[in-house]
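Structure, as structure tokens:
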Amino acid sequence: MPDALGAPITPAAPEPPTTAVQLNHTAVLARDRRLSAEFLAVILGLEVGAPFGPFLPVDLSNGVTLDYYEQRDEPIQSQHYAFLVPEDQFDAMIARLEAVGVTYYADPNHTEPGRINRLFGGRGAYFDDPDGHNLEIMTRPYARP
């Protein structure tokens with residue numbers, strides 16, 4: 001059966017069943033979704049995807065999407081987003097923060113400006129996005145008891 005333009009409709013392949021719980025996407029509130037999505041994408045070396053309804057997505061390499069959603073009329077509650085990044089890209093991310101004039105910190109309370117941490121044998125840093133979300137880049141996941 002053809003679509004509205006006369007092209008044949010190919011049915012989508014069925015998705016395999018999910019066998020484990022995974023985070024697929026989350027909405028990130030922003031006063032300006034484009035500004036915030038592009039900020040994150042530039043710092044992490046990613047790309048902003050095409051708008052999807054009211055959302056502007058940034059896809060991460062593990063299949064999770066951050067869907068930026070504008071909230072202009074109410075205050076935005078700061079959230080924490082931590083990104084596990086490749087060791088060989090960490091210095092470039094720090095350099096991009098410095099290039100755009102964003103201060104990074106060794107700690108989540110932002111008391112050690114211009115420093116990184118070396119937790120769990122890796123390196124890490126915290127910084128704010130344009131909406132005050134506390135972002136973290138780290139090269140080693142935290143060891144859990």
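Lettering and numbering for the structure tokens are positional, with chains as A, B, ... in the shown order, residues counted from 1 in each chain, and ligands counted from 1 in the shown order.
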So which residues of chain A fall under strand (DSSP E or B) by DSSP, listed as JSON, numbers by chain? {"A": [2, 8, 25, 26, 27, 28, 29, 30, 48, 52, 55, 56, 57, 58, 59, 65, 66, 67, 68, 69, 70, 80, 81, 82, 83, 84, 105, 113, 117, 124, 125, 126, 127, 128, 134, 135, 136, 137, 138]}
Can I get the selection written as a CSV table (one decimal), in the first residue's frame, with C-alpha atoms?
```
chain,number,residue,atom,x,y,z
A,2,PRO,CA,1.5,3.4,-0.9
A,8,PRO,CA,5.3,2.0,-0.9
A,25,HIS,CA,15.6,9.4,27.8
A,26,THR,CA,15.0,12.2,30.3
A,27,ALA,CA,13.7,15.7,29.9
A,28,VAL,CA,16.0,18.5,30.9
A,29,LEU,CA,14.3,21.8,31.6
A,30,ALA,CA,15.8,24.9,30.1
A,48,VAL,CA,22.2,18.4,18.8
A,52,PHE,CA,11.1,16.2,18.2
A,55,PHE,CA,12.0,18.6,22.7
A,56,LEU,CA,15.5,19.2,21.4
A,57,PRO,CA,17.6,16.0,21.8
A,58,VAL,CA,21.2,15.4,22.6
A,59,ASP,CA,22.0,11.7,22.1
A,65,THR,CA,18.8,10.9,25.0
A,66,LEU,CA,18.6,14.2,26.9
A,67,ASP,CA,15.5,15.9,25.6
A,68,TYR,CA,15.8,19.6,26.3
A,69,TYR,CA,12.4,21.2,27.0
A,70,GLU,CA,11.7,24.9,27.4
A,80,HIS,CA,22.8,16.9,38.5
A,81,TYR,CA,23.8,15.1,35.4
A,82,ALA,CA,27.0,13.0,35.4
A,83,PHE,CA,28.7,11.9,32.2
A,84,LEU,CA,31.2,9.1,32.0
A,105,TYR,CA,35.4,22.7,39.9
A,113,PRO,CA,37.5,26.4,41.1
A,117,ASN,CA,39.5,15.6,41.1
A,124,GLY,CA,36.6,14.5,37.0
A,125,ALA,CA,35.2,18.0,37.1
A,126,TYR,CA,31.9,19.8,37.8
A,127,PHE,CA,30.4,22.9,36.1
A,128,ASP,CA,27.1,24.7,35.6
A,134,ASN,CA,25.3,20.9,38.0
A,135,LEU,CA,27.0,18.9,35.3
A,136,GLU,CA,29.9,16.4,35.9
A,137,ILE,CA,32.4,14.8,33.6
A,138,MET,CA,34.3,11.8,34.9
```
Find the residues around Arg96 in chain A up to 9 Å (only C-alpha atoms counted), leave out those fewer than 4 positions away in its own chain, and share them as an mmCIF file with C-alpha atoms, in the first residue's frame.
```
data_model
loop_
_atom_site.group_PDB
_atom_site.id
_atom_site.type_symbol
_atom_site.label_atom_id
_atom_site.label_comp_id
_atom_site.auth_asym_id
_atom_site.auth_seq_id
_atom_site.Cartn_x
_atom_site.Cartn_y
_atom_site.Cartn_z
ATOM 1 C CA VAL A 42 29.830 21.619 22.389
ATOM 2 C CA ILE A 43 31.439 20.762 25.737
ATOM 3 C CA LEU A 44 31.023 16.990 25.289
ATOM 4 C CA ASP A 91 41.410 17.405 28.426
ATOM 5 C CA ALA A 92 39.601 18.627 25.314
ATOM 6 C CA VAL A 100 33.779 29.571 26.606
ATOM 7 C CA GLY A 101 34.662 31.057 30.003
ATOM 8 C CA VAL A 102 32.910 28.474 32.180
#
```
Atom pair CA of Thr111 in chain A / CA of Phe90 in chain A: separation (Å):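 Interatomic distance here is 20.6 Å.
One distance worth recording is that between CA of Arg34 in chain A and CA of Gly53 in chain A, which is 13.5 Å.
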Shortest interatomic distance to Arg72 in chain A - which of A:Gly122, A:Arg31, A:Tyr142, A:Asn24, counting only C-alpha atoms: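 Checking each of A:Gly122, A:Arg31, A:Tyr142, A:Asn24 against Arg72 in chain A, counting only C-alpha atoms, the winner is A:Arg31.
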Compare A:Glu112, A:Thr19, A:Gly132, A:Ala143 by their minimum atom-to-atom distance to Gln79 in chain A, counting only C-alpha atoms, and give me the closest one.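 Smallest separation from Gln79 in chain A among the options: A:Gly132.
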Going by DSSP on the backbone, which residues of chain A come out as alpha helix (DSSP H)? List them as a PyMOL selection string. chain A and resi 33-44+87-99
Figure out the distance between CA of Gln71 in chain A and CA of Asn109 in chain A, please, to one decimal in Å.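 Interatomic distance here is 25.0 Å.
Proximity ranking of A:Leu35, A:Gly114, A:Ser61, A:Gly45 relative to Pro130 in chain A places A:Leu35 first, based on only C-alpha atoms.
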